[in-house]
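*Asks:* My structure is in model.csv, and what it holds is CSV, C-alpha atoms:
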chain,number,residue,atom,x,y,z
A,1,MET,CA,0.0,0.0,0.0
A,2,SER,CA,1.6,3.3,-1.1
A,3,PRO,CA,1.1,6.7,0.5
A,4,ARG,CA,-2.1,8.4,-0.7
A,5,ARG,CA,-1.5,11.6,-2.6
A,6,THR,CA,-5.0,13.2,-2.8
A,7,PRO,CA,-6.1,14.6,0.6
A,8,GLY,CA,-9.6,14.1,1.8
A,9,ARG,CA,-12.7,15.8,0.5
A,10,ARG,CA,-10.8,18.7,-1.1
A,11,GLY,CA,-9.0,16.6,-3.6
A,12,ALA,CA,-9.0,19.1,-6.5
A,13,ARG,CA,-7.5,21.8,-4.3
A,14,GLY,CA,-5.0,19.4,-2.9
A,15,ALA,CA,-4.0,18.2,-6.4
A,16,LYS,CA,-3.5,21.7,-7.6
A,17,ARG,CA,-1.3,22.5,-4.6
A,18,ALA,CA,0.8,19.3,-5.1
A,19,LYS,CA,1.2,20.1,-8.8
A,20,ALA,CA,2.4,23.6,-8.0
A,21,THR,CA,5.2,22.4,-5.7
A,22,ARG,CA,6.9,20.3,-8.4
A,23,THR,CA,10.3,21.3,-9.7
A,24,PRO,CA,10.0,22.9,-13.2
A,25,GLY,CA,11.3,20.6,-15.9
A,26,ARG,CA,11.2,17.5,-13.8
A,27,ARG,CA,8.0,15.6,-12.9
A,28,GLN,CA,8.9,14.6,-9.3
A,29,PRO,CA,6.1,13.5,-7.0
A,30,ARG,CA,5.6,15.6,-3.9
A,31,ARG,CA,6.7,14.0,-0.7
A,32,PRO,CA,3.7,13.6,1.7
A,33,THR,CA,4.0,15.4,5.0
A,34,ALA,CA,2.9,14.0,8.3
A,35,LEU,CA,2.5,16.1,11.5
A,36,ILE,CA,2.8,14.0,14.8
A,37,THR,CA,1.9,15.3,18.2
A,38,GLY,CA,3.5,13.1,20.9
A,39,ILE,CA,6.4,12.2,18.6
A,40,THR,CA,8.8,11.8,21.6
A,41,GLY,CA,6.5,9.0,23.1
A,42,GLN,CA,6.5,5.3,22.4
A,43,ASP,CA,4.0,5.4,19.6
A,44,GLY,CA,5.3,8.6,18.1
A,45,SER,CA,8.8,7.2,17.8
A,46,TYR,CA,7.6,4.0,16.0
A,47,LEU,CA,5.3,6.0,13.8
A,48,ALA,CA,8.0,8.4,12.8
A,49,GLU,CA,10.2,5.5,11.8
A,50,LEU,CA,7.5,4.0,9.7
A,51,LEU,CA,6.6,7.2,7.9
A,52,LEU,CA,10.2,8.1,7.2
A,53,ASP,CA,10.7,4.6,5.7
A,54,LYS,CA,7.7,5.3,3.4
A,55,GLY,CA,9.3,8.5,2.2
A,56,TYR,CA,7.3,11.1,4.3
A,57,ARG,CA,8.5,14.4,5.5
A,58,VAL,CA,7.9,14.2,9.2
A,59,VAL,CA,7.2,17.2,11.5
A,60,GLY,CA,7.1,16.4,15.2
A,61,VAL,CA,5.3,18.6,17.7
A,62,VAL,CA,6.8,19.0,21.2
A,63,ARG,CA,6.0,21.1,24.2
A,64,ARG,CA,8.5,23.8,25.0
A,65,THR,CA,10.2,22.8,28.3
A,66,SER,CA,13.3,23.7,30.2
A,67,HIS,CA,14.9,20.3,29.1
A,68,ASP,CA,14.7,18.1,26.1
A,69,SER,CA,13.4,14.6,26.3
A,70,TYR,CA,14.3,13.0,23.0
A,71,GLU,CA,15.5,9.6,24.2
A,72,ARG,CA,13.1,7.6,22.0
A,73,ILE,CA,13.8,9.7,18.8
A,74,GLY,CA,17.4,10.7,19.3
A,75,HIS,CA,18.3,8.5,16.3
A,76,LEU,CA,15.8,10.3,14.1
A,77,LEU,CA,16.6,14.0,14.9
A,78,ASP,CA,18.6,14.5,11.7
A,79,ARG,CA,15.6,13.3,9.7
A,80,VAL,CA,12.6,14.9,11.3
A,81,ARG,CA,11.7,18.6,11.9
A,82,ILE,CA,10.8,19.4,15.5
A,83,VAL,CA,8.5,22.3,16.2
A,84,PRO,CA,7.1,23.7,19.5
A,85,ALA,CA,3.4,23.8,20.2
A,86,ASP,CA,1.1,22.9,23.1
A,87,LEU,CA,-2.2,21.1,23.2
A,88,LEU,CA,-3.3,23.7,25.8
A,89,ASP,CA,-2.7,26.6,23.4
A,90,GLN,CA,-4.9,27.0,20.4
A,91,HIS,CA,-2.8,29.6,18.6
A,92,SER,CA,0.4,27.5,18.7
A,93,LEU,CA,-1.4,24.5,17.2
A,94,THR,CA,-3.1,26.6,14.4
A,95,SER,CA,0.3,28.1,13.5
A,96,VAL,CA,2.0,24.8,13.3
A,97,VAL,CA,-0.7,23.3,11.1
A,98,ARG,CA,-0.7,26.4,8.8
A,99,ASP,CA,3.1,26.3,8.4
A,100,ALA,CA,3.4,22.5,7.9
A,101,ARG,CA,0.4,22.1,5.6
A,102,PRO,CA,0.4,18.4,6.4
A,103,ASP,CA,-1.2,15.6,4.4
A,104,GLU,CA,-1.7,13.7,7.6
A,105,VAL,CA,-2.0,14.7,11.2
A,106,TYR,CA,-1.5,12.1,14.0
A,107,ASN,CA,-2.6,13.2,17.4
A,108,LEU,CA,-0.8,10.9,19.8
A,109,ALA,CA,-0.1,13.4,22.6
A,110,ALA,CA,-2.0,13.0,25.8
A,111,GLN,CA,-1.7,12.6,29.6
A,112,SER,CA,-1.8,8.8,29.0
A,113,PHE,CA,-1.1,7.2,32.3
A,114,VAL,CA,-4.3,6.0,33.9
A,115,PRO,CA,-3.3,6.2,37.6
A,116,THR,CA,-2.1,9.8,37.1
A,117,SER,CA,-5.5,10.7,35.8
A,118,TRP,CA,-6.9,10.1,39.3
A,119,SER,CA,-4.5,12.5,40.9
A,120,GLN,CA,-4.7,15.0,38.1
A,121,PRO,CA,-8.2,14.6,36.6
A,122,VAL,CA,-8.5,18.3,35.4
A,123,LEU,CA,-5.2,18.4,33.7
A,124,THR,CA,-5.9,15.0,32.1
A,125,GLY,CA,-9.1,16.5,30.7
A,126,GLU,CA,-7.3,19.6,29.3
A,127,PHE,CA,-4.8,17.5,27.4
A,128,THR,CA,-6.6,14.3,26.6
A,129,ALA,CA,-10.0,15.7,25.9
A,130,LEU,CA,-9.9,19.4,25.1
A,131,GLY,CA,-6.5,19.1,23.5
A,132,VAL,CA,-8.1,17.0,20.7
A,133,THR,CA,-10.7,19.8,20.1
A,134,ARG,CA,-8.0,22.4,19.8
A,135,LEU,CA,-6.0,20.3,17.3
A,136,LEU,CA,-9.1,19.5,15.2
A,137,GLU,CA,-10.0,23.2,15.3
A,138,ALA,CA,-6.5,24.0,14.1
A,139,VAL,CA,-6.9,21.6,11.2
A,140,ARG,CA,-10.3,23.0,10.3
A,141,LEU,CA,-9.1,26.6,10.3
A,142,ALA,CA,-5.6,26.3,8.9
A,143,TYR,CA,-5.5,23.2,6.6
A,144,PRO,CA,-8.8,21.2,6.3
A,145,GLU,CA,-7.3,19.1,3.5
A,146,ALA,CA,-5.3,17.2,6.1
A,147,ARG,CA,-6.4,13.7,7.1
A,148,PHE,CA,-6.6,13.5,10.9
A,149,TYR,CA,-5.9,10.5,13.2
A,150,GLN,CA,-7.0,10.5,16.8
A,151,ALA,CA,-5.5,8.0,19.3
A,152,SER,CA,-8.5,6.6,21.1
A,153,SER,CA,-8.1,3.9,23.7
A,154,SER,CA,-9.6,0.6,24.9
A,155,GLU,CA,-9.9,2.3,28.3
A,156,MET,CA,-13.1,3.9,26.8
A,157,PHE,CA,-14.8,0.5,27.1
A,158,GLY,CA,-13.9,0.3,30.8
A,159,LYS,CA,-16.6,-1.8,32.5
A,160,ALA,CA,-17.3,-3.4,29.1
A,161,VAL,CA,-20.9,-4.5,28.5
A,162,GLU,CA,-19.7,-7.2,26.1
A,163,THR,CA,-16.6,-9.2,25.3
A,164,PRO,CA,-14.8,-8.9,23.0
A,165,GLN,CA,-15.2,-5.2,22.3
A,166,ARG,CA,-15.8,-3.9,18.8
A,167,GLU,CA,-16.5,-0.6,17.2
A,168,SER,CA,-20.2,-0.8,18.2
A,169,THR,CA,-19.6,-1.7,21.8
A,170,PRO,CA,-20.9,1.1,24.2
A,171,PHE,CA,-18.4,3.0,26.2
A,172,TYR,CA,-18.3,2.7,30.0
A,173,PRO,CA,-15.0,4.4,31.1
A,174,ARG,CA,-13.7,3.7,34.6
A,175,SER,CA,-11.1,6.5,35.0
A,176,PRO,CA,-10.7,10.2,34.3
A,177,TYR,CA,-8.4,9.1,31.5
A,178,GLY,CA,-11.0,6.9,30.0
A,179,VAL,CA,-13.6,9.6,30.2
A,180,ALA,CA,-11.3,12.1,28.6
A,181,LYS,CA,-10.6,9.6,25.7
A,182,VAL,CA,-14.3,9.2,25.2
A,183,TYR,CA,-14.6,12.9,24.7
A,184,GLY,CA,-11.7,13.0,22.3
A,185,HIS,CA,-13.2,10.1,20.3
A,186,TRP,CA,-16.7,11.7,20.0
A,187,ILE,CA,-15.4,15.2,19.2
A,188,THR,CA,-13.4,13.6,16.3
A,189,VAL,CA,-16.6,12.0,15.1
A,190,ASN,CA,-18.5,15.3,15.4
A,191,TYR,CA,-15.8,17.2,13.4
A,192,ARG,CA,-15.9,14.5,10.7
A,193,GLU,CA,-19.7,14.7,10.4
A,194,SER,CA,-20.1,18.5,10.9
A,195,TYR,CA,-17.2,19.8,8.9
A,196,ASP,CA,-16.7,16.9,6.5
A,197,LEU,CA,-13.1,16.4,7.6
A,198,PHE,CA,-11.3,13.2,7.0
A,199,ALA,CA,-11.0,12.4,10.7
A,200,VAL,CA,-10.7,8.9,12.1
A,201,SER,CA,-10.2,7.3,15.6
A,202,GLY,CA,-8.1,4.2,16.2
A,203,ILE,CA,-9.4,2.5,19.3
A,204,LEU,CA,-6.1,0.8,20.2
A,205,PHE,CA,-5.9,-1.8,22.9
A,206,ASN,CA,-2.8,-2.0,25.1
A,207,HIS,CA,0.4,-1.9,23.0
A,208,GLU,CA,3.8,-2.1,24.6
A,209,SER,CA,7.5,-2.2,23.6
A,210,PRO,CA,11.0,-1.7,25.1
A,211,ARG,CA,10.2,2.1,24.7
A,212,ARG,CA,7.3,2.0,27.1
A,213,GLY,CA,7.5,4.3,30.1
A,214,LEU,CA,8.5,2.8,33.5
A,215,GLU,CA,5.1,3.8,35.0
A,216,PHE,CA,3.2,1.2,32.9
A,217,VAL,CA,2.7,-2.3,34.3
A,218,THR,CA,4.4,-4.2,31.4
A,219,ARG,CA,7.6,-2.1,31.7
A,220,ARG,CA,7.4,-2.1,35.5
A,221,VAL,CA,7.5,-5.9,35.4
A,222,THR,CA,10.3,-6.3,32.7
A,223,HIS,CA,12.4,-3.6,34.3
A,224,GLY,CA,11.8,-5.1,37.7
A,225,VAL,CA,13.0,-8.5,36.5
A,226,ALA,CA,16.1,-6.9,35.0
A,227,ARG,CA,16.9,-5.2,38.3
A,228,ILE,CA,16.5,-8.4,40.2
A,229,VAL,CA,18.8,-10.3,37.8
A,230,ARG,CA,21.4,-7.5,38.1
A,231,GLY,CA,21.3,-7.6,41.9
A,232,LEU,CA,19.7,-4.1,42.2
A,233,ALA,CA,16.5,-5.3,43.8
A,234,THR,CA,15.0,-8.3,45.6
A,235,ARG,CA,11.3,-7.9,44.9
A,236,LEU,CA,8.7,-6.4,42.7
A,237,THR,CA,5.5,-4.8,43.9
A,238,LEU,CA,2.4,-4.7,41.8
A,239,GLY,CA,-1.4,-4.0,42.0
A,240,ASN,CA,-4.2,-6.2,40.7
A,241,LEU,CA,-2.6,-9.4,39.4
A,242,ASP,CA,-5.9,-10.7,38.0
A,243,ALA,CA,-6.5,-7.8,35.6
A,244,ARG,CA,-6.5,-9.0,32.1
A,245,ARG,CA,-5.5,-7.0,29.0
A,246,ASP,CA,-5.2,-7.5,25.3
A,247,TRP,CA,-1.5,-6.6,24.9
A,248,GLY,CA,0.3,-6.2,21.5
A,249,PHE,CA,3.5,-4.7,20.1
A,250,ALA,CA,3.4,-0.9,19.5
A,251,GLY,CA,5.5,-1.3,16.3
A,252,ASP,CA,2.7,-3.3,14.8
A,253,TYR,CA,0.0,-0.9,15.9
A,254,VAL,CA,1.4,2.3,14.3
A,255,GLU,CA,1.0,0.6,10.9
A,256,ALA,CA,-2.7,0.3,11.6
A,257,MET,CA,-2.8,4.1,12.2
A,258,TRP,CA,-1.2,4.8,8.9
A,259,ARG,CA,-3.5,2.3,7.0
A,260,MET,CA,-6.6,4.1,8.4
A,261,LEU,CA,-5.6,7.3,6.7
A,262,GLN,CA,-5.0,5.6,3.4
A,263,GLN,CA,-8.6,4.5,3.0
A,264,PRO,CA,-11.1,6.1,0.5
A,265,ALA,CA,-13.4,7.1,3.4
A,266,PRO,CA,-12.9,7.9,7.1
A,267,ASP,CA,-14.0,5.4,9.7
A,268,ASP,CA,-13.1,4.2,13.2
A,269,TYR,CA,-11.3,0.9,13.9
A,270,VAL,CA,-10.6,-1.3,16.9
A,271,ILE,CA,-7.0,-2.5,16.9
A,272,GLY,CA,-5.8,-5.4,19.1
A,273,THR,CA,-4.7,-9.0,19.1
A,274,GLY,CA,-7.9,-10.6,20.3
A,275,GLU,CA,-6.0,-12.4,23.0
A,276,THR,CA,-6.0,-11.6,26.7
A,277,HIS,CA,-3.4,-12.2,29.4
A,278,SER,CA,-3.4,-11.4,33.1
A,279,VAL,CA,-0.7,-9.4,35.0
A,280,ARG,CA,0.1,-12.7,36.7
A,281,GLN,CA,0.8,-14.3,33.3
A,282,LEU,CA,2.9,-11.3,32.3
A,283,CYS,CA,5.0,-12.0,35.5
A,284,GLU,CA,5.3,-15.7,34.8
A,285,ILE,CA,6.6,-15.2,31.2
A,286,ALA,CA,9.0,-12.4,32.2
A,287,PHE,CA,10.6,-14.2,35.2
A,288,ARG,CA,10.6,-17.6,33.4
A,289,HIS,CA,12.6,-15.9,30.6
A,290,VAL,CA,15.5,-15.4,33.0
A,291,GLY,CA,15.0,-18.7,34.8
A,292,LEU,CA,13.3,-17.4,38.0
A,293,ASP,CA,10.0,-18.3,39.8
A,294,TRP,CA,7.9,-15.1,39.9
A,295,ARG,CA,6.2,-16.1,43.1
A,296,ARG,CA,9.4,-15.7,45.1
A,297,TYR,CA,9.8,-12.0,44.1
A,298,VAL,CA,6.3,-10.5,43.4
A,299,ALA,CA,4.3,-8.8,46.2
A,300,VAL,CA,0.9,-7.1,45.9
A,301,ASP,CA,0.7,-3.5,47.1
A,302,PRO,CA,-2.9,-2.3,47.7
A,303,ALA,CA,-1.8,1.3,47.0
A,304,LEU,CA,-1.2,0.3,43.4
A,305,VAL,CA,-4.8,-0.9,42.8
A,306,ARG,CA,-6.9,1.6,40.9
A,307,PRO,CA,-10.0,3.1,42.7
A,308,ALA,CA,-12.2,1.7,39.9
A,309,ASP,CA,-10.3,-1.0,38.1
A,310,VAL,CA,-11.0,-2.5,34.7
A,311,ASP,CA,-11.0,-6.3,34.9
A,312,LEU,CA,-11.1,-7.5,31.3
A,313,LEU,CA,-10.5,-5.9,27.9
A,314,GLN,CA,-10.3,-7.9,24.7
A,315,ALA,CA,-10.4,-6.6,21.1
A,316,ASP,CA,-12.5,-7.8,18.2
A,317,ALA,CA,-10.3,-6.3,15.4
A,318,SER,CA,-12.1,-8.2,12.6
A,319,LYS,CA,-13.1,-4.9,10.9
A,320,ALA,CA,-9.4,-3.8,10.7
A,321,ARG,CA,-8.4,-7.2,9.3
A,322,ARG,CA,-11.1,-7.1,6.7
A,323,ARG,CA,-10.8,-3.5,5.6
A,324,LEU,CA,-7.3,-2.5,6.4
A,325,GLY,CA,-5.6,-5.8,5.8
A,326,TRP,CA,-3.9,-5.4,9.2
A,327,ARG,CA,-3.0,-8.1,11.7
A,328,PRO,CA,-0.4,-8.2,14.6
A,329,ARG,CA,2.9,-9.9,13.9
A,330,MET,CA,4.6,-10.2,17.3
A,331,SER,CA,3.1,-12.6,19.9
A,332,PHE,CA,2.6,-11.7,23.6
A,333,ALA,CA,5.4,-14.0,24.8
A,334,GLU,CA,7.8,-12.6,22.2
A,335,LEU,CA,6.9,-9.0,23.3
A,336,VAL,CA,7.6,-9.7,26.9
A,337,GLN,CA,10.8,-11.5,26.3
A,338,THR,CA,12.0,-8.6,24.0
A,339,MET,CA,11.2,-6.1,26.7
A,340,VAL,CA,13.1,-8.1,29.4
A,341,ASP,CA,16.1,-8.4,27.1
A,342,ALA,CA,16.1,-4.7,26.4
A,343,ASP,CA,16.0,-3.8,30.1
A,344,LEU,CA,18.7,-6.3,30.9
A,345,ALA,CA,20.9,-4.6,28.2
A,346,ARG,CA,20.1,-1.2,29.7
A,347,LEU,CA,21.3,-2.3,33.1
A,348,ALA,CA,24.4,-4.2,31.9
Could the structure of this file be written out as structure tokens, please?
*Replies:*
Amino acid sequence: MSPRRTPGRRGARGAKRAKATRTPGRRQPRRPTALITGITGQDGSYLAELLLDKGYRVVGVVRRTSHDSYERIGHLLDRVRIVPADLLDQHSLTSVVRDARPDEVYNLAAQSFVPTSWSQPVLTGEFTALGVTRLLEAVRLAYPEARFYQASSSEMFGKAVETPQRESTPFYPRSPYGVAKVYGHWITVNYRESYDLFAVSGILFNHESPRRGLEFVTRRVTHGVARIVRGLATRLTLGNLDARRDWGFAGDYVEAMWRMLQQPAPDDYVIGTGETHSVRQLCEIAFRHVGLDWRRYVAVDPALVRPADVDLLQADASKARRRLGWRPRMSFAELVQTMVDADLARLA
């Protein structure tokens, strides 16, 4: 599947603009441009790699802070353009979209750690909910030809009314983060239907990698295993060991994001493996990979249990398989082992 050239509903205008940018005397195709918020995060780094390999010009949006945090994209900094903007500031987003004139916009930035959303619910709403509105408004005002991707989440299903969860499953979020993601999802649908924007939401189930933050349970486990092996710790504390999730590899999931924006019409898709595993199974695989019995090292800390936990999330990604031709490549066991190996290498 090659990058789409004609943007959205305003195809004629986009085609004229692309034609005007060609070098006189040489019929060279215009490189598509992608704008990524959250480029310094796990998903942003994998998506940037994917798009660069496909020949895109990549513009990454970062918040201006007193220190740079480019650990995940350090190897890409000579190939991407980094620009400052903030999901809390409408003007900065509009200016960035107007300057970049992107064919595709991927909104991956958010306050994305569920436990933090309980201690900072208002800030979570500002970034994860209203931030989506500000970016959509920036696209509408500055460059409506762009195709827009919103990173929705399986946490929107929360206390799921059916299993597995599909695109038609009602939302029942169980955290401020989940509630904010529901808002972001529906405002994307509203802008699509009200302004005829090419705007889609990917309802991604949990996706992990060695680039995952230490605050997430998968990385907490694999990093904890590595610390125990290296003699830096003697135990690992966790919350609900019975919670089950549909975990996949982030590198697989960013391809689904891209495929959604190559379709002839905008639509929303559930992305996941269709398999579930408990936190207990996660521990078993991670510790077994280094020859240890997890029961000797893992302790439950009630303080790490969410006020309202989500017990089971499982994806029905049949629509994505059918329409996008997408399916995950890396198994859960391979993912966990890869993460353990990466953390062992970091602590060597």
*Asks:* In Å, with one decimal, what is the gap from CA of Glu215 (chain A) to CA of Val105 (chain A)?
*Replies:*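 Between CA of Glu215 (chain A) and CA of Val105 (chain A) the gap works out to 27.1 Å.
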*Asks:* Within 6 Å of region 292-298 of chain A, counting all atoms listed in the file, which residues qualify if same-chain residues fewer than 4 places away don't, as a ChimeraX atom specification?
*Replies:* /A:235-237,284,287-288
*Asks:* Take CA of Leu50 (chain A) and CA of His75 (chain A) and report the distance between them in Å, one decimal.
*Replies:* 13.4 Å
*Asks:* Of the residues A:Val290, A:Val132, A:Ala180, A:Ala146, which is the one nearest to Thr33 (chain A), using all atoms listed in the file?
*Replies:*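 Smallest distance to Thr33 (chain A) is found for A:Ala146.
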*Asks:* Pick from A:Ser154, A:Thr116, A:Ser69, A:Gln165: nearest to Ala315 (chain A), with all atoms listed in the file counted?
*Replies:*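 Residue with the minimum atom-to-atom distance to Ala315 (chain A): A:Gln165.
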*Asks:* Counting only C-alpha atoms, which residues have an atom no more than 9 Å from (-1.1, 1.1, 6.8) in the file's coordinates? Please list them as a compact mmCIF listing (two decimals) with C-alpha atoms, keeping the file's coordinate frame.
*Replies:*
# COMPACT_ATOMS: atom_id res chain seq x y z
CA MET A 1 0.00 0.00 0.00
CA SER A 2 1.60 3.30 -1.10
CA PRO A 3 1.10 6.70 0.50
CA VAL A 254 1.40 2.30 14.30
CA GLU A 255 1.00 0.60 10.90
CA ALA A 256 -2.70 0.30 11.60
CA MET A 257 -2.80 4.10 12.20
CA TRP A 258 -1.20 4.80 8.90
CA ARG A 259 -3.50 2.30 7.00
CA MET A 260 -6.60 4.10 8.40
CA LEU A 261 -5.60 7.30 6.70
CA GLN A 262 -5.00 5.60 3.40
CA LEU A 324 -7.30 -2.50 6.40
CA GLY A 325 -5.60 -5.80 5.80
CA TRP A 326 -3.90 -5.40 9.20
*Asks:* Can you list, as a PDB file with C-alpha atoms, in the coordinates of the input, every protein, DNA or RNA residue that comes within 6 Å of Gly274 (chain A) when you count only C-alpha atoms, leaving out same-chain residues fewer than 2 positions away?
*Replies:*
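To be explicit, this is the file written out as selection.pdb:
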ATOM      1  CA  GLY A 272      -5.800  -5.400  19.100  1.00  0.00           C
ATOM      2  CA  GLN A 314     -10.300  -7.900  24.700  1.00  0.00           C
ATOM      3  CA  ALA A 315     -10.400  -6.600  21.100  1.00  0.00           C
ATOM      4  CA  ASP A 316     -12.500  -7.800  18.200  1.00  0.00           C
TER       5      ASP A 316
END
*Asks:* Starting from the incomplete input, reconstruct N, CA and C atoms of region 289-316 of chain A and report them as a short mmCIF file (atom, residue, chain, number, x, y, z; two decimals), in the coordinates of the input.
*Replies:*
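Dumped everything to result.cif:
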data_model
loop_
_atom_site.label_atom_id
_atom_site.label_comp_id
_atom_site.auth_asym_id
_atom_site.auth_seq_id
_atom_site.Cartn_x
_atom_site.Cartn_y
_atom_site.Cartn_z
N HIS A 289 11.65 -16.23 31.62
CA HIS A 289 12.60 -15.90 30.60
C HIS A 289 14.05 -15.83 31.14
N VAL A 290 14.17 -15.49 32.43
CA VAL A 290 15.50 -15.40 33.00
C VAL A 290 15.72 -16.52 34.06
N GLY A 291 14.84 -17.53 34.00
CA GLY A 291 15.00 -18.70 34.80
C GLY A 291 14.64 -18.53 36.30
N LEU A 292 13.71 -17.63 36.60
CA LEU A 292 13.30 -17.40 38.00
C LEU A 292 11.79 -17.71 38.15
N ASP A 293 11.42 -18.01 39.40
CA ASP A 293 10.00 -18.30 39.80
C ASP A 293 9.44 -16.93 40.26
N TRP A 294 8.48 -16.41 39.56
CA TRP A 294 7.90 -15.10 39.90
C TRP A 294 7.36 -15.01 41.28
N ARG A 295 6.84 -16.12 41.80
CA ARG A 295 6.20 -16.10 43.10
C ARG A 295 7.13 -15.80 44.25
N ARG A 296 8.41 -15.98 44.01
CA ARG A 296 9.40 -15.70 45.10
C ARG A 296 9.72 -14.19 45.14
N TYR A 297 9.31 -13.42 44.14
CA TYR A 297 9.80 -12.00 44.10
C TYR A 297 8.62 -11.00 43.98
N VAL A 298 7.43 -11.42 43.62
CA VAL A 298 6.30 -10.50 43.40
C VAL A 298 5.46 -10.34 44.65
N ALA A 299 5.18 -9.09 45.04
CA ALA A 299 4.30 -8.80 46.20
C ALA A 299 3.22 -7.83 45.72
N VAL A 300 2.02 -7.98 46.27
CA VAL A 300 0.90 -7.10 45.90
C VAL A 300 0.88 -5.91 46.90
N ASP A 301 0.81 -4.70 46.35
CA ASP A 301 0.70 -3.50 47.10
C ASP A 301 -0.68 -2.87 46.89
N PRO A 302 -1.57 -2.87 47.89
CA PRO A 302 -2.90 -2.30 47.70
C PRO A 302 -2.93 -0.89 47.18
N ALA A 303 -1.87 -0.14 47.47
CA ALA A 303 -1.80 1.30 47.00
C ALA A 303 -1.71 1.36 45.50
N LEU A 304 -1.32 0.27 44.85
CA LEU A 304 -1.20 0.30 43.40
C LEU A 304 -2.44 -0.17 42.68
N VAL A 305 -3.49 -0.51 43.43
CA VAL A 305 -4.80 -0.90 42.80
C VAL A 305 -5.57 0.34 42.53
N ARG A 306 -6.14 0.44 41.33
CA ARG A 306 -6.90 1.60 40.90
C ARG A 306 -8.20 1.73 41.77
N PRO A 307 -8.69 2.96 41.99
CA PRO A 307 -10.00 3.10 42.70
C PRO A 307 -11.11 2.40 42.02
N ALA A 308 -11.15 2.42 40.69
CA ALA A 308 -12.20 1.70 39.90
C ALA A 308 -11.42 0.95 38.81
N ASP A 309 -11.13 -0.32 39.01
CA ASP A 309 -10.30 -1.00 38.10
C ASP A 309 -11.10 -1.59 36.90
N VAL A 310 -10.38 -1.87 35.83
CA VAL A 310 -11.00 -2.50 34.70
C VAL A 310 -10.46 -3.95 34.65
N ASP A 311 -11.38 -4.90 34.71
CA ASP A 311 -11.00 -6.30 34.90
C ASP A 311 -10.56 -6.99 33.58
N LEU A 312 -11.31 -6.73 32.49
CA LEU A 312 -11.10 -7.50 31.30
C LEU A 312 -11.32 -6.62 30.04
N LEU A 313 -10.32 -6.53 29.18
CA LEU A 313 -10.50 -5.90 27.90
C LEU A 313 -9.93 -6.80 26.81
N GLN A 314 -10.71 -7.01 25.78
CA GLN A 314 -10.30 -7.90 24.70
C GLN A 314 -10.88 -7.37 23.38
N ALA A 315 -10.03 -7.28 22.38
CA ALA A 315 -10.40 -6.60 21.10
C ALA A 315 -11.01 -7.61 20.11
N ASP A 316 -11.99 -7.11 19.38
CA ASP A 316 -12.50 -7.80 18.20
C ASP A 316 -12.02 -6.86 17.01
#
